[in-house]
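Asks: Sharing a structure with you now.
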Amino acid sequence: MDSFLTYILPVFACQYSMGVLVQLRGTQLYRGALLPILLWFAWRASVTVDPSGGDPTQVQLNAFLIGQMCSVAMRSAVWATAQEPYRRIDGSIPPGSYQGDEYKGLSANIATALWNAWDLLLNLRGVGWNWPRGLAFPKAAFETRSRVTFVLWSAVRLVFHVVAYDATLQAIRMFSPEDFSSAGHGGSIYEASLPPILQLIRCFMISAFTVLMTYFALEWCYQLLTILFVTLLQQHPSQWPPLFDSPWLSTSLSDLWGRRWHQMFRHMLLTIGSLPFDFLFGRLGGIIGAFLVSGIFHDIELRSVGRGGNSLVVIGFFVMNGVGIVLERVWKRICGRSVRGIWGWIWTFSWLALWGVPVVNEWGKAGRFGAESFGGFQPSVALISFVRRQI
């Protein structure tokens, strides 16, 4: 508790203040002055606080903390440099707070900004705001205006994704129980004793399970937040559209990263990575810049477990995905048609596997597959045991 009050709370207090200021006109100077203070607080929390308490099975907590601090720092940098005030456009703001793009009264605007800043802190995609330009949100397969029905459906999805996440994790551990079941040990996904073809199949299977595990982990976290905010803060179901748009159906890298994979970091990456590189190297350079910043973020997150890493592999994966999108643009310019269809699907996942398998290997060596997410409780194992007892 002392660590939270001393190191974590100041970070979020500064971020909340930045979230209020970015909604008000004429605050660029204040935001610019607040940013270095926030960055210092985030750095101090990252290098001081150890949520795992030295327990190697809880290193996921360290990764979560470092990831949050990096996210807060990047989002705050974006807010500090915003040229126009952020506005709610979903109809959930109090009447009389705005009139077009102009504010009507200082007191009403401050009150509105203080309330809306809470949504801004967790609304990574900008649902219901004016700033995520060009972002299309996935359409829900099951739509309802009833909060009760929506929360119940989200609860079902939460349980499913929790069990699916644990099932994929247990499947990965079965490939090498001694290495992957211990966070303090870790091990490579490569097995030199196997024939080359079997080793290749093993690496592809572990990598596929890792992608699924990541997908399920993000989904169950999102569903949990959905339930909490719709229930406690009475947010509307429309404020929580699906996080993913069937990424397994992607027929190009542009389709995957630009639409189907989660877009939680899109605005940050475009502002911090794409715009500067676009200015320096042109439009194609902007694509590489966004993926470069993403790679640096993920490399820091992986290293936060305290077992080192390989920046060339991790950052290289993201940069090469940017290169892949550039190649798709070149293909379209030369051939006059976009990458799509079955051959586009084969291209997409072949390119991902080529550069992604080494990243998964770094995960394995860092002991990420041995970390506990539910305090030692294994939902999928418990479900199987329950079913067996009933049979």
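Starting from 1 in every chain, residues are counted up; chains themselves are A, B, ... following the order of the structure tokens, and ligands are numbered from 1 as listed.
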Would you tabulate, counting only C-alpha atoms, all residues of segment 203-260 of chain A that have an atom at most 10 Å from an atom of segment 109-122 of chain A, showing the closest pair of atoms and their distance in Å to one decimal, sorted by chain then ascending number, as a tab-separated table?
Replies:
residue	atom	partner	partner_atom	distance
A:Leu225	CA	A:Leu122	CA	9.2
A:Phe229	CA	A:Asp119	CA	9.4
A:Leu233	CA	A:Asp119	CA	9.7
A:Gln235	CA	A:Asp119	CA	9.5
A:Gln239	CA	A:Asp119	CA	9.9
Asks: Residues near Arg147 of chain A, anyone? I mean within 9 Å using only C-alpha atoms, not counting same-chain ones fewer than 5 positions away, as a CSV table (one decimal) with N, CA and C atoms, in the first residue's frame.
Replies:
chain,number,residue,atom,x,y,z
A,152,LEU,N,-24.5,-9.8,-18.7
A,152,LEU,CA,-24.5,-11.2,-18.6
A,152,LEU,C,-23.8,-11.9,-19.8
A,230,VAL,N,-19.6,-0.9,-17.1
A,230,VAL,CA,-21.0,-0.9,-17.5
A,230,VAL,C,-21.9,-1.0,-16.2
A,231,THR,N,-21.4,-1.8,-15.2
A,231,THR,CA,-22.1,-2.0,-14.0
A,231,THR,C,-22.0,-0.9,-13.0
A,234,GLN,N,-22.2,2.7,-15.0
A,234,GLN,CA,-23.4,2.8,-15.8
A,234,GLN,C,-23.1,3.3,-17.2
A,235,GLN,N,-21.9,2.9,-17.8
A,235,GLN,CA,-21.7,3.2,-19.2
A,235,GLN,C,-22.6,2.4,-20.1
A,236,HIS,N,-22.8,2.9,-21.3
A,236,HIS,CA,-23.6,2.3,-22.2
A,236,HIS,C,-22.9,1.2,-22.9
A,237,PRO,N,-23.6,0.1,-23.3
A,237,PRO,CA,-22.9,-1.0,-24.0
A,237,PRO,C,-22.2,-0.6,-25.3
Asks: What's the separation between atom CA of Leu327 of chain A and atom CA of Ala208 of chain A, in Å to one decimal place?
Replies: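 Rounded to one decimal, the two atoms are 24.2 Å apart.
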Asks: Among segment 10-219 of chain A, which ones does DSSP place in strand (DSSP E), written as a list of chain:residue names?
Replies: A:Tyr98, A:Gln99, A:Glu102, A:Tyr103
Asks: Atom CA of Arg259 of chain A and atom CA of Gly364 of chain A are how many Å apart?
Replies: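 Atom-to-atom, atom CA of Arg259 of chain A to atom CA of Gly364 of chain A, that is 28.5 Å.
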Asks: Using only C-alpha atoms, which protein or nucleic acid residues come within 8 Å of segment 167-183 of chain A? Drop anything in the same chain fewer than 6 positions from it, and give the result as number ranges by chain.
Replies: A: 56-57, 59, 206, 209-210, 212-213, 364, 366-371, 379-381
Asks: Nearest to Pro242 of chain A: which of A:Ser17, A:Asn310, A:Asn361, A:Gln263 is it, counting only C-alpha atoms?
Replies: A:Gln263
Asks: Quick one: everything within 8 Å of segment 283-297 of chain A, counting only C-alpha atoms, minus sequence neighbours fewer than 5 positions away in the same chain. Send it as a list of chain:residue names.
Replies: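 Answer for this query is A:Gly67, A:Cys70, A:Leu269, A:Leu270, A:Ile272, A:Gly273, A:Ser274, A:Leu275, A:Pro276, A:Phe277, A:Asp278, A:Ser311, A:Val314, A:Ile315, A:Gly316, A:Phe317, A:Phe318, A:Val319, A:Asn321, A:Gly322, A:Val323, A:Ile325, A:Val326.
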Asks: For the residues in the current selection, export N, CA and C atoms as a PDB file, in the first residue's frame.
Replies:
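Wrote again23.pdb, looks like this:
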ATOM      1  N   GLY A  67       4.459  -2.226 -18.468  1.00  0.00           N
ATOM      2  CA  GLY A  67       3.626  -1.943 -19.631  1.00  0.00           C
ATOM      3  C   GLY A  67       2.696  -0.771 -19.396  1.00  0.00           C
ATOM      4  N   CYS A  70       4.707   2.536 -19.372  1.00  0.00           N
ATOM      5  CA  CYS A  70       5.050   2.934 -20.742  1.00  0.00           C
ATOM      6  C   CYS A  70       3.833   3.477 -21.468  1.00  0.00           C
ATOM      7  N   LEU A 269       0.795   5.175 -31.412  1.00  0.00           N
ATOM      8  CA  LEU A 269       1.836   4.812 -32.372  1.00  0.00           C
ATOM      9  C   LEU A 269       1.848   5.735 -33.589  1.00  0.00           C
ATOM     10  N   LEU A 270       0.669   6.150 -34.025  1.00  0.00           N
ATOM     11  CA  LEU A 270       0.600   7.071 -35.152  1.00  0.00           C
ATOM     12  C   LEU A 270       1.183   8.422 -34.783  1.00  0.00           C
ATOM     13  N   ILE A 272       3.313   9.234 -32.072  1.00  0.00           N
ATOM     14  CA  ILE A 272       4.701   9.232 -31.613  1.00  0.00           C
ATOM     15  C   ILE A 272       5.645   8.641 -32.657  1.00  0.00           C
ATOM     16  N   GLY A 273       5.190   7.614 -33.380  1.00  0.00           N
ATOM     17  CA  GLY A 273       6.064   6.942 -34.328  1.00  0.00           C
ATOM     18  C   GLY A 273       5.852   7.340 -35.773  1.00  0.00           C
ATOM     19  N   SER A 274       4.605   7.315 -36.212  1.00  0.00           N
ATOM     20  CA  SER A 274       4.331   7.508 -37.633  1.00  0.00           C
ATOM     21  C   SER A 274       4.535   8.950 -38.085  1.00  0.00           C
ATOM     22  N   LEU A 275       4.005   9.911 -37.349  1.00  0.00           N
ATOM     23  CA  LEU A 275       4.082  11.311 -37.786  1.00  0.00           C
ATOM     24  C   LEU A 275       5.515  11.824 -37.901  1.00  0.00           C
ATOM     25  N   PRO A 276       6.386  11.595 -36.901  1.00  0.00           N
ATOM     26  CA  PRO A 276       7.771  12.075 -37.051  1.00  0.00           C
ATOM     27  C   PRO A 276       8.505  11.411 -38.224  1.00  0.00           C
ATOM     28  N   PHE A 277       8.324  10.092 -38.388  1.00  0.00           N
ATOM     29  CA  PHE A 277       9.007   9.389 -39.477  1.00  0.00           C
ATOM     30  C   PHE A 277       8.407   9.763 -40.820  1.00  0.00           C
ATOM     31  N   ASP A 278       7.116  10.044 -40.843  1.00  0.00           N
ATOM     32  CA  ASP A 278       6.467  10.517 -42.062  1.00  0.00           C
ATOM     33  C   ASP A 278       7.076  11.850 -42.486  1.00  0.00           C
ATOM     34  N   SER A 311      16.704  -7.577 -28.214  1.00  0.00           N
ATOM     35  CA  SER A 311      16.020  -6.447 -28.837  1.00  0.00           C
ATOM     36  C   SER A 311      15.960  -6.585 -30.350  1.00  0.00           C
ATOM     37  N   VAL A 314      12.940  -8.955 -31.044  1.00  0.00           N
ATOM     38  CA  VAL A 314      11.616  -8.422 -30.691  1.00  0.00           C
ATOM     39  C   VAL A 314      11.286  -7.186 -31.515  1.00  0.00           C
ATOM     40  N   ILE A 315      12.176  -6.212 -31.520  1.00  0.00           N
ATOM     41  CA  ILE A 315      11.925  -5.007 -32.308  1.00  0.00           C
ATOM     42  C   ILE A 315      11.912  -5.342 -33.795  1.00  0.00           C
ATOM     43  N   GLY A 316      12.785  -6.285 -34.180  1.00  0.00           N
ATOM     44  CA  GLY A 316      12.835  -6.681 -35.581  1.00  0.00           C
ATOM     45  C   GLY A 316      11.530  -7.259 -36.079  1.00  0.00           C
ATOM     46  N   PHE A 317      10.820  -8.009 -35.220  1.00  0.00           N
ATOM     47  CA  PHE A 317       9.526  -8.576 -35.625  1.00  0.00           C
ATOM     48  C   PHE A 317       8.565  -7.470 -36.046  1.00  0.00           C
ATOM     49  N   PHE A 318       8.485  -6.423 -35.247  1.00  0.00           N
ATOM     50  CA  PHE A 318       7.535  -5.351 -35.551  1.00  0.00           C
ATOM     51  C   PHE A 318       7.994  -4.529 -36.751  1.00  0.00           C
ATOM     52  N   VAL A 319       9.288  -4.235 -36.818  1.00  0.00           N
ATOM     53  CA  VAL A 319       9.791  -3.474 -37.961  1.00  0.00           C
ATOM     54  C   VAL A 319       9.557  -4.240 -39.262  1.00  0.00           C
ATOM     55  N   ASN A 321       7.210  -6.319 -39.861  1.00  0.00           N
ATOM     56  CA  ASN A 321       5.794  -6.236 -40.220  1.00  0.00           C
ATOM     57  C   ASN A 321       5.501  -4.920 -40.928  1.00  0.00           C
ATOM     58  N   GLY A 322       6.184  -3.857 -40.486  1.00  0.00           N
ATOM     59  CA  GLY A 322       6.070  -2.597 -41.225  1.00  0.00           C
ATOM     60  C   GLY A 322       6.620  -2.730 -42.623  1.00  0.00           C
ATOM     61  N   VAL A 323       7.762  -3.416 -42.761  1.00  0.00           N
ATOM     62  CA  VAL A 323       8.341  -3.667 -44.082  1.00  0.00           C
ATOM     63  C   VAL A 323       7.374  -4.473 -44.937  1.00  0.00           C
ATOM     64  N   ILE A 325       4.131  -4.457 -44.821  1.00  0.00           N
ATOM     65  CA  ILE A 325       3.055  -3.574 -45.294  1.00  0.00           C
ATOM     66  C   ILE A 325       3.557  -2.692 -46.427  1.00  0.00           C
ATOM     67  N   VAL A 326       4.808  -2.236 -46.326  1.00  0.00           N
ATOM     68  CA  VAL A 326       5.399  -1.455 -47.415  1.00  0.00           C
ATOM     69  C   VAL A 326       5.460  -2.298 -48.695  1.00  0.00           C
TER      70      VAL A 326
END
Asks: So how far away is atom CA of Ser254 of chain A from atom CA of Trp351 of chain A, in Å?
Replies: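 So the answer is 12.3 Å.
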Asks: Determine, counting only C-alpha atoms, which protein, DNA and RNA residues have an atom within 12 Å of an atom of Ala33 of chain A; residues of the same chain fewer than 5 positions away are not included. Present the result as a PyMOL selection string.
Replies: chain A and resi 14+17-18+21+27-28+38-39+76-77+80-81
Asks: Counting only C-alpha atoms, which residue out of A:Met264, A:Val359, A:Ile66, A:Cys335 sits closest to Phe137 of chain A?
Replies: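 Looking at the shortest contact to Phe137 of chain A, the residue is A:Met264.
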Asks: Got a sec to tell me which of segment 118-239 of chain A DSSP assigns to helix (DSSP H, G or I), as an MDAnalysis selection string?
Replies: chainID A and resid 118:122 147:175 177:180 196:232 237:239
Asks: Show me, as a VMD selection string, the residues that have an atom within 6 Å of segment 43-52 of chain A when counting only C-alpha atoms, minus same-chain residues fewer than 3 positions from it.
Replies: chain A and resid 7 40 55 58 to 59 61 to 62 66
Asks: Keeping N, CA, C and O atoms, export the residues of the selection given above as a tab-separated table (two decimals), in the first residue's frame.
Replies:
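The resulting part34.tsv:
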chain	number	residue	atom	x	y	z
A	7	TYR	N	4.54	5.77	-5.07
A	7	TYR	CA	5.10	5.68	-6.42
A	7	TYR	C	4.05	5.60	-7.53
A	7	TYR	O	4.24	6.20	-8.59
A	40	TRP	N	8.93	11.52	-15.17
A	40	TRP	CA	9.83	11.19	-14.07
A	40	TRP	C	9.15	10.28	-13.06
A	40	TRP	O	9.74	9.30	-12.59
A	55	ASP	N	9.00	-13.07	-6.33
A	55	ASP	CA	8.48	-14.40	-6.66
A	55	ASP	C	8.50	-14.59	-8.17
A	55	ASP	O	7.78	-13.88	-8.90
A	58	GLN	N	5.33	-14.76	-10.27
A	58	GLN	CA	4.48	-13.58	-10.37
A	58	GLN	C	5.09	-12.47	-11.23
A	58	GLN	O	4.74	-11.30	-11.10
A	59	VAL	N	6.05	-12.86	-12.09
A	59	VAL	CA	6.73	-11.85	-12.89
A	59	VAL	C	5.78	-11.16	-13.87
A	59	VAL	O	6.10	-10.08	-14.39
A	61	LEU	N	3.24	-9.67	-13.10
A	61	LEU	CA	2.87	-8.41	-12.46
A	61	LEU	C	3.87	-7.32	-12.78
A	61	LEU	O	3.50	-6.16	-12.98
A	62	ASN	N	5.16	-7.68	-12.84
A	62	ASN	CA	6.17	-6.70	-13.21
A	62	ASN	C	5.97	-6.24	-14.65
A	62	ASN	O	6.08	-5.04	-14.96
A	66	ILE	N	5.25	-2.35	-15.81
A	66	ILE	CA	6.09	-1.64	-16.77
A	66	ILE	C	5.31	-1.29	-18.02
A	66	ILE	O	5.43	-0.18	-18.56
